[in-house]
file run01.txt (compact mmCIF, C-alpha atoms)
# COMPACT_ATOMS: atom_id res chain seq x y z
CA MET A 1 33.01 -31.68 -45.02
CA GLY A 2 35.20 -33.33 -42.42
CA TYR A 3 37.05 -36.45 -41.42
CA THR A 4 35.98 -39.40 -39.33
CA LEU A 5 37.65 -42.59 -38.11
CA VAL A 6 35.51 -45.73 -38.19
CA PRO A 7 36.26 -49.45 -37.82
CA VAL A 8 36.95 -51.32 -41.07
CA GLU A 9 33.77 -53.38 -40.70
CA ALA A 10 31.66 -50.22 -40.34
CA ASP A 11 33.44 -48.63 -43.30
CA VAL A 12 32.56 -51.57 -45.57
CA SER A 13 28.98 -51.53 -44.27
CA ILE A 14 28.60 -47.85 -45.19
CA ASP A 15 29.89 -48.55 -48.70
CA MET A 16 27.44 -51.43 -49.18
CA GLU A 17 24.57 -49.18 -48.11
CA PHE A 18 25.34 -46.94 -51.10
CA PHE A 19 25.14 -49.87 -53.49
CA THR A 20 21.96 -51.40 -52.02
CA ASN A 21 19.74 -48.32 -51.62
CA GLY A 22 18.35 -48.43 -55.15
CA ASP A 23 20.69 -45.86 -56.73
CA TYR A 24 22.92 -48.51 -58.32
CA GLU A 25 22.47 -51.73 -60.26
CA GLU A 26 25.20 -54.35 -60.20
CA LEU A 27 26.33 -55.50 -63.65
CA PRO A 28 26.72 -59.21 -64.37
CA ASP A 29 30.03 -61.02 -64.76
CA GLY A 30 31.50 -60.67 -68.21
CA TRP A 31 30.28 -57.11 -68.65
CA CYS A 32 32.20 -55.45 -71.49
CA ASP A 33 34.47 -52.84 -69.94
CA PHE A 34 35.40 -50.73 -72.96
CA ASN A 35 35.04 -51.94 -76.57
CA GLY A 36 31.25 -51.72 -76.98
CA PRO A 37 30.83 -48.38 -75.19
CA ALA A 38 33.89 -46.99 -76.98
CA GLN A 39 32.38 -47.69 -80.41
CA GLU A 40 29.12 -46.05 -79.36
CA TYR A 41 31.01 -43.09 -77.91
CA THR A 42 32.95 -42.55 -81.15
CA ALA A 43 29.74 -42.71 -83.17
CA LEU A 44 28.14 -40.10 -80.89
CA ALA A 45 31.13 -37.77 -81.30
CA ARG A 46 30.87 -38.02 -85.09
CA TYR A 47 27.13 -37.40 -84.97
CA ILE A 48 27.66 -34.25 -82.87
CA GLN A 49 30.32 -33.07 -85.34
CA HIS A 50 27.93 -33.59 -88.24
CA GLU A 51 25.07 -31.75 -86.53
CA GLU A 52 27.19 -28.80 -85.38
CA GLY A 53 29.18 -28.56 -88.60
CA THR A 54 32.46 -28.11 -86.72
CA PRO A 55 35.48 -30.47 -86.39
CA ILE A 56 34.73 -31.25 -82.75
CA ALA A 57 34.81 -35.07 -82.83
CA LYS A 58 38.59 -35.17 -82.34
CA ASP A 59 38.33 -33.03 -79.19
CA ILE A 60 35.53 -35.17 -77.77
CA THR A 61 37.33 -38.46 -78.39
CA ARG A 62 40.78 -37.28 -77.23
CA SER A 63 39.99 -38.34 -73.65
CA MET A 64 39.69 -41.96 -74.84
CA PHE A 65 43.46 -42.11 -75.17
CA THR A 66 44.22 -40.94 -71.62
CA LEU A 67 47.09 -42.97 -70.16
CA GLY A 68 45.69 -45.13 -67.39
CA GLY A 69 42.15 -43.96 -68.17
CA SER A 70 39.01 -45.96 -67.49
CA ILE A 71 35.31 -45.99 -68.31
CA ARG A 72 34.71 -46.57 -64.62
CA SER A 73 34.57 -43.96 -61.90
CA CYS A 74 35.67 -44.89 -58.40
CA LEU A 75 33.19 -44.58 -55.56
CA LEU A 76 34.51 -42.47 -52.71
CA LYS A 77 32.70 -40.97 -49.76
CA THR A 78 32.81 -37.80 -47.70
CA CYS A 79 31.36 -37.11 -44.29
CA LYS A 80 29.44 -34.10 -43.04
CA ALA A 81 30.94 -33.77 -39.58
CA HIS A 82 28.82 -30.68 -38.77
CA LYS A 83 25.65 -32.82 -38.72
CA SER A 84 24.46 -35.01 -35.89
CA PRO A 85 24.62 -37.91 -36.48
CA VAL A 86 27.43 -37.79 -39.04
CA VAL A 87 26.11 -38.12 -42.61
CA PHE A 88 28.08 -39.83 -45.37
CA ARG A 89 27.80 -38.84 -49.04
CA ASN A 90 28.93 -40.75 -52.12
CA VAL A 91 31.22 -39.16 -54.71
CA HIS A 92 32.12 -40.57 -58.13
CA ALA A 93 35.82 -39.83 -58.66
CA ALA A 94 36.83 -39.93 -62.32
CA GLY A 95 40.19 -38.19 -62.65
CA LYS A 96 41.03 -40.17 -65.81
CA PHE A 97 37.56 -40.71 -67.22
CA VAL A 98 38.01 -41.80 -70.85
CA PHE A 99 34.61 -40.42 -71.85
CA ALA A 100 35.26 -37.03 -70.23
CA GLY A 101 35.14 -35.26 -73.60
CA LEU A 102 31.42 -35.92 -74.00
CA SER A 103 30.80 -35.03 -70.38
CA HIS A 104 32.55 -31.67 -70.86
CA TRP A 105 30.66 -31.01 -74.11
CA ALA A 106 27.30 -31.65 -72.45
CA SER A 107 28.28 -29.55 -69.44
CA ARG A 108 29.15 -26.52 -71.59
CA ARG A 109 25.82 -26.69 -73.43
CA LEU A 110 23.83 -27.00 -70.23
CA ARG A 111 25.80 -24.29 -68.40
CA ALA A 112 25.16 -21.81 -71.22
CA THR A 113 21.42 -22.34 -70.76
CA LEU A 114 21.65 -22.08 -66.97
CA ASN A 115 23.51 -18.77 -67.26
CA GLU A 116 20.45 -17.32 -68.99
CA LEU A 117 18.28 -17.95 -65.92
CA GLY A 118 18.17 -14.73 -63.92
CA HIS A 119 17.53 -16.28 -60.51
CA VAL A 120 20.50 -18.68 -60.54
CA VAL A 121 23.59 -17.39 -58.71
CA LYS A 122 27.05 -18.61 -59.70
CA ASP A 123 28.60 -18.90 -56.25
CA ARG A 124 28.68 -17.39 -52.75
CA ARG A 125 30.18 -14.11 -53.95
CA ASP A 126 27.56 -13.71 -56.65
CA ALA A 127 24.84 -14.42 -54.07
CA ALA A 128 26.23 -11.78 -51.72
CA ARG A 129 26.48 -9.23 -54.52
CA ARG A 130 22.86 -9.77 -55.56
CA LEU A 131 21.34 -9.85 -52.09
CA MET A 132 23.33 -7.12 -50.33
CA HIS A 133 21.34 -3.89 -49.86
CA ARG A 134 18.15 -5.37 -51.30
CA PRO A 135 15.28 -3.64 -49.45
CA MET A 136 13.74 -5.72 -46.64
CA SER A 137 11.11 -4.45 -44.21
CA GLN A 138 10.61 -5.48 -40.58
CA SER A 139 7.63 -7.62 -41.59
CA GLU A 140 9.63 -9.76 -44.00
CA GLY A 141 11.40 -13.02 -43.22
CA PHE A 142 13.59 -15.62 -44.91
CA LEU A 143 12.76 -19.12 -46.11
CA THR A 144 15.35 -21.53 -47.49
CA PHE A 145 14.83 -24.85 -49.26
CA ASP A 146 17.18 -27.75 -49.84
CA VAL A 147 17.07 -30.88 -52.00
CA LYS A 148 17.98 -34.15 -50.31
CA ASP A 149 20.26 -36.44 -52.33
CA PHE A 150 20.33 -33.88 -55.14
CA PHE A 151 22.83 -35.66 -57.40
CA MET A 152 21.20 -39.07 -56.90
CA SER A 153 17.66 -37.98 -57.79
CA GLY A 154 15.67 -39.09 -60.82
CA ASP A 155 16.20 -41.83 -63.37
CA ALA A 156 17.99 -41.14 -66.65
CA GLU A 157 14.81 -40.97 -68.73
CA SER A 158 13.13 -38.43 -66.43
CA LEU A 159 16.24 -36.25 -66.15
CA VAL A 160 16.70 -36.13 -69.92
CA GLU A 161 13.03 -35.33 -70.47
CA ASP A 162 13.14 -32.43 -68.00
CA VAL A 163 16.42 -31.02 -69.34
CA LEU A 164 15.24 -31.06 -72.96
CA VAL A 165 12.45 -28.60 -72.12
CA SER A 166 15.12 -25.91 -72.52
CA PHE A 167 16.03 -26.85 -76.10
CA THR A 168 14.38 -26.87 -79.50
CA GLY A 169 15.01 -28.10 -83.03
CA ARG A 170 18.26 -29.79 -84.01
CA GLU A 171 20.00 -28.76 -80.81
CA LYS A 172 17.34 -30.62 -78.82
CA ALA A 173 17.75 -33.67 -81.04
CA THR A 174 21.53 -33.64 -80.70
CA ILE A 175 21.58 -33.24 -76.92
CA GLY A 176 18.74 -35.68 -76.33
CA THR A 177 19.94 -38.36 -78.74
CA CYS A 178 23.62 -38.23 -77.92
CA ALA A 179 25.11 -36.39 -75.03
CA LEU A 180 22.63 -36.77 -72.20
CA PRO A 181 21.84 -40.50 -72.34
CA ALA A 182 25.55 -41.28 -72.66
CA SER A 183 26.64 -39.00 -69.83
CA VAL A 184 23.83 -39.57 -67.31
CA GLN A 185 24.54 -43.23 -66.68
CA SER A 186 28.00 -43.91 -65.33
CA ILE A 187 29.80 -47.04 -64.16
CA CYS A 188 31.24 -47.30 -60.66
CA CYS A 189 33.61 -49.67 -58.95
CA PHE A 190 35.10 -49.77 -55.47
CA SER A 191 38.48 -51.10 -54.40
CA LYS A 192 37.01 -53.03 -51.46
CA PHE A 193 34.92 -55.13 -53.88
CA PRO A 194 37.35 -56.25 -56.62
CA GLY A 195 35.77 -57.60 -59.78
CA ARG A 196 32.33 -56.12 -59.03
CA VAL A 197 30.92 -53.22 -61.06
CA TRP A 198 27.77 -51.12 -60.62
CA LYS A 199 25.82 -48.86 -62.98
CA VAL A 200 24.22 -45.66 -61.68
CA VAL A 201 20.45 -45.89 -62.24
CA LYS A 202 19.38 -42.78 -60.32
CA GLY A 203 20.74 -39.27 -60.57
CA THR A 204 23.71 -37.87 -62.45
CA GLY A 205 26.52 -39.09 -60.23
CA MET A 206 28.16 -36.67 -57.81
CA GLY A 207 31.65 -35.71 -58.97
CA LEU A 208 31.45 -36.05 -62.75
CA GLN A 209 31.88 -32.97 -64.95
CA HIS A 210 28.27 -32.79 -66.11
CA SER A 211 26.61 -33.76 -62.80
CA GLY A 212 25.85 -30.33 -61.38
CA ASP A 213 24.72 -28.70 -64.62
CA LEU A 214 22.46 -31.59 -65.57
CA SER A 215 20.75 -31.77 -62.17
CA ASP A 216 20.54 -27.96 -61.98
CA LEU A 217 18.74 -27.62 -65.29
CA ALA A 218 16.37 -30.51 -64.60
CA LEU A 219 15.40 -28.92 -61.26
CA ALA A 220 15.02 -25.49 -62.86
CA ASN A 221 12.64 -26.82 -65.48
CA ARG A 222 10.63 -28.96 -63.06
CA MET A 223 10.21 -26.42 -60.28
CA GLU A 224 12.22 -23.21 -60.29
CA ARG A 225 10.79 -21.60 -63.44
CA TRP A 226 7.27 -22.02 -62.06
CA ALA A 227 8.41 -20.74 -58.67
CA ILE A 228 9.88 -17.57 -60.18
CA ASN A 229 6.75 -16.87 -62.22
CA ASN A 230 4.37 -17.43 -59.29
CA CYS A 231 6.34 -16.25 -56.27
CA PHE A 232 4.78 -12.79 -55.94
CA ALA A 233 1.28 -14.28 -55.79
CA HIS A 234 2.41 -16.20 -52.70
CA GLY A 235 3.91 -13.20 -50.91
CA ILE A 236 7.50 -13.93 -51.97
CA THR A 237 9.40 -10.69 -52.56
CA SER A 238 12.69 -12.12 -53.90
CA THR A 239 14.18 -15.46 -54.89
CA SER A 240 17.63 -16.85 -55.61
CA GLY A 241 18.87 -20.35 -56.39
CA PHE A 242 22.14 -22.24 -56.42
CA GLU A 243 22.39 -25.95 -57.28
CA MET A 244 20.34 -27.81 -54.67
CA THR A 245 19.36 -24.78 -52.57
CA PHE A 246 16.77 -22.05 -52.95
CA CYS A 247 16.36 -18.89 -50.87
CA ALA A 248 13.34 -16.56 -50.68
CA SER A 249 12.31 -13.53 -48.65
CA THR A 250 8.67 -13.11 -47.78
CA LYS A 251 6.21 -10.84 -45.96
CA ASN A 252 3.92 -13.71 -44.98
CA LEU A 253 5.55 -16.91 -43.71
CA ALA A 254 2.23 -18.80 -43.74
CA LYS A 255 1.74 -18.05 -47.45
CA ALA A 256 5.38 -18.88 -48.02
CA TYR A 257 4.92 -22.36 -46.57
CA ALA A 258 1.92 -22.82 -48.88
CA PHE A 259 4.26 -21.78 -51.70
CA TYR A 260 6.68 -24.46 -50.50
CA GLN A 261 3.99 -27.14 -50.73
CA ALA A 262 3.21 -26.07 -54.30
CA ILE A 263 6.83 -26.20 -55.48
CA LYS A 264 7.46 -29.42 -53.55
CA GLU A 265 4.75 -31.11 -55.61
CA ARG A 266 6.29 -29.81 -58.83
CA ALA A 267 9.78 -30.89 -57.79
CA GLY A 268 8.69 -34.50 -58.30
CA TYR A 269 11.61 -36.90 -57.88
CA PHE A 270 13.69 -34.11 -56.27
CA LYS A 271 13.03 -34.36 -52.51
CA LEU A 272 12.50 -30.74 -51.50
CA LEU A 273 12.84 -29.80 -47.81
CA VAL A 274 12.55 -26.57 -45.83
CA SER A 275 16.01 -26.03 -44.38
CA GLY A 276 15.33 -22.79 -42.50
CA GLY A 277 12.92 -19.95 -41.98
CA GLY A 278 12.13 -16.95 -39.79
CA ARG A 279 12.48 -13.21 -39.41
CA GLY A 280 15.90 -13.33 -37.78
CA SER A 281 19.20 -14.25 -39.37
CA ILE A 282 19.46 -17.38 -41.48
CA GLY A 283 22.23 -19.37 -43.11
CA TRP A 284 22.32 -19.97 -46.85
CA LEU A 285 25.11 -20.87 -49.26
CA GLU A 286 27.95 -20.31 -46.76
CA LEU A 287 26.43 -16.93 -45.92
CA THR A 288 24.55 -15.60 -42.92
CA LEU A 289 21.67 -13.40 -44.12
CA PHE A 290 20.13 -10.81 -41.83
CA ARG A 291 18.29 -7.49 -41.89
CA ARG A 292 20.16 -4.25 -41.28
CA SER A 293 18.88 -0.69 -41.74
CA GLY A 294 15.93 -1.77 -43.86
CA SER A 295 17.85 -3.97 -46.29
CA ILE A 296 19.42 -7.42 -46.57
CA ALA A 297 22.97 -7.77 -45.27
CA CYS A 298 25.19 -10.84 -45.28
CA LYS A 299 28.44 -12.12 -43.88
CA PRO A 300 30.43 -15.37 -44.26
CA LYS A 301 29.04 -18.37 -42.42
CA PHE A 302 31.28 -20.93 -40.73
CA LYS A 303 29.94 -24.36 -39.86
CA ASP A 304 30.34 -25.68 -36.36
CA ILE A 305 31.66 -29.19 -35.86
CA PHE A 306 29.34 -30.97 -33.44
CA ASN A 307 30.75 -34.47 -33.61
CA TYR A 308 34.39 -34.77 -32.75
CA THR A 309 36.75 -36.63 -30.44
CA PRO A 310 40.17 -35.16 -29.63
CA LEU A 311 43.05 -37.42 -30.58
CA PHE A 312 46.00 -37.50 -28.20
CA LEU A 313 48.92 -39.12 -30.00
call {"tool": "encode", "arguments": {"input": "run01.txt", "output": "structure tokens"}}
result
Amino acid sequence: MGYTLVPVEADVSIDMEFFTNGDYEELPDGWCDFNGPAQEYTALARYIQHEEGTPIAKDITRSMFTLGGSIRSCLLKTCKAHKSPVVFRNVHAAGKFVFAGLSHWASRRLRATLNELGHVVKDRRDAARRLMHRPMSQSEGFLTFDVKDFFMSGDAESLVEDVLVSFTGREKATIGTCALPASVQSICCFSKFPGRVWKVVKGTGMGLQHSGDLSDLALANRMERWAINNCFAHGITSTSGFEMTFCASTKNLAKAYAFYQAIKERAGYFKLLVSGGGRGSIGWLELTLFRRSGSIACKPKFKDIFNYTPLFL
């Protein structure tokens, strides 16, 4: 991430691009800001309490009474100054989200399932621990994949359908009926456009509590489980995944690219791209991976800033 200075007109134009690219749907005037959704939210919390048999409804609904809270999240943006040209990304900031209780509940359930997947790493340190000293011959190389617009991929119905593959019985009914539909779709506003409100119609919304876990599990069920079960047949010797990225080592890069085409097709609404490949060093998850003494070694990776202008004040 980085900082950039742009004219006000360009700044507003960038914001409007977010709202007009098909990821959002503007709500009509007179849209109910709280009462209707609040009643539905309370009913969902009671349903979850009944299904789980624990007094959890009070914890889920506590966020509704947050001082200064809102059902809306505020659209912010970040810039990736290490890319050329500079790329802007949307973030849904919801520091006082009144429906955060349900978002947290859904996130905990999804994260517990994700933690059972052996190929998913928790963070950069976990990735380094797993990959360090793993045997790697001179004939092997690396291949890394990335998902473009990860958090803004897939409509609510498709995401819920893919996530529910991981659940059965009453738990599946509870998560599918209550938590996921309510937490996938979020409402956004932006200070530059007072009085106008948008609903997210694609993806899980980058920045909300459940966003990463929901997208992670949907991607795992669509593509990663198949990839893990079929990687050795395509010459892949090891695989690891973290959120929108996927890293593999292979003895045959040609077969590995064929493997990429197969998982790209299964990824569906997730736009899978090859982000790097070769037998030399490669960057992945803030790490530089390379071969040393017949095994994988890694060190921290620091991004270069390609687009900058010195400011002399």
call {"tool": "residues_around", "arguments": {"input": "run01.txt", "residues": "stretch 218-230 of chain A", "least_positions_apart": "2", "cutoff": "8 Å", "atoms": "all atoms listed in the file", "output": "PyMOL selection string"}}
result
chain A and resi 119+159-160+162-163+165-166+214-216+232-234+239+263-264+266-268+270
call {"tool": "closest_residue", "arguments": {"input": "run01.txt", "among": "A:Phe145, A:Phe97, A:Phe151, A:Phe18", "to": "A:Ile282", "atoms": "all atoms listed in the file"}}
result
A:Phe145
call {"tool": "residues_around", "arguments": {"input": "run01.txt", "residues": "A:Phe150", "least_positions_apart": "5", "cutoff": "10 Å", "atoms": "only C-alpha atoms", "output": "count of residues only"}}
result
16
call {"tool": "atom_distance", "arguments": {"input": "run01.txt", "atom1": "atom CA of A:Ile296", "atom2": "atom CA of A:Leu117"}}
result
22.1 Å
call {"tool": "atom_distance", "arguments": {"input": "run01.txt", "atom1": "atom CA of A:Val197", "atom2": "atom CA of A:Tyr41"}}
result
19.7 Å
call {"tool": "residues_near_point", "arguments": {"input": "run01.txt", "point": "(28.2, -10.7, -45.8)", "cutoff": "8 Å", "atoms": "all atoms listed in the file", "output": "PyMOL selection string"}}
result
chain A and resi 128+132+287-289+297-300
call {"tool": "closest_residue", "arguments": {"input": "run01.txt", "among": "A:Leu253, A:Ala38, A:Met16, A:Ala43", "to": "A:Ser70", "atoms": "all atoms listed in the file"}}
result
A:Ala38
call {"tool": "closest_residue", "arguments": {"input": "run01.txt", "among": "A:Ile236, A:Val201, A:Ala258, A:Cys178", "to": "A:Glu51", "atoms": "only C-alpha atoms"}}
result
A:Cys178
call {"tool": "atom_distance", "arguments": {"input": "run01.txt", "atom1": "atom CA of A:Lys172", "atom2": "atom CA of A:Trp198"}}
result
29.3 Å
call {"tool": "residues_around", "arguments": {"input": "run01.txt", "residues": "A:Ile60", "least_positions_apart": "5", "cutoff": "12 Å", "atoms": "only C-alpha atoms", "output": "list of chain:residue names"}}
result
A:Ala38, A:Tyr41, A:Thr42, A:Ala43, A:Leu44, A:Ala45, A:Arg46, A:Tyr47, A:Ile48, A:Gln49, A:Thr54, A:Pro55, A:Phe65, A:Val98, A:Phe99, A:Ala100, A:Gly101, A:Leu102, A:Ser103, A:His104, A:Trp105, A:Ala106, A:Ala179
call {"tool": "closest_residue", "arguments": {"input": "run01.txt", "among": "A:Ile56, A:Val274, A:Ala173, A:Lys192", "to": "A:Val147", "atoms": "all atoms listed in the file"}}
result
A:Val274
call {"tool": "closest_residue", "arguments": {"input": "run01.txt", "among": "A:Thr144, A:Thr174, A:Ser13, A:Thr168", "to": "A:Phe259", "atoms": "only C-alpha atoms"}}
result
A:Thr144
call {"tool": "closest_residue", "arguments": {"input": "run01.txt", "among": "A:Phe167, A:Ser153, A:Ser186, A:Ser275", "to": "A:Ala112", "atoms": "all atoms listed in the file"}}
result
A:Phe167
call {"tool": "axis_aligned_box", "arguments": {"input": "run01.txt", "around": "stretch 289-298 of chain A", "padding_each_side": "8 Å", "output": "lines of an AutoDock Vina configuration file"}}
result
center_x = 20.6
center_y = -7.0
center_z = -43.9
size_x = 25.3
size_y = 28.7
size_z = 21.3
call {"tool": "residues_around", "arguments": {"input": "run01.txt", "residues": "A:Asp213", "least_positions_apart": "3", "cutoff": "7 Å", "atoms": "all atoms listed in the file", "output": "JSON, numbers by chain"}}
result
{"A": [107, 110, 111, 210, 216, 217]}
call {"tool": "residues_around", "arguments": {"input": "run01.txt", "residues": "A:Gly280", "least_positions_apart": "5", "cutoff": "9 Å", "atoms": "only C-alpha atoms", "output": "PyMOL selection string"}}
result
chain A and resi 141-142+289-291
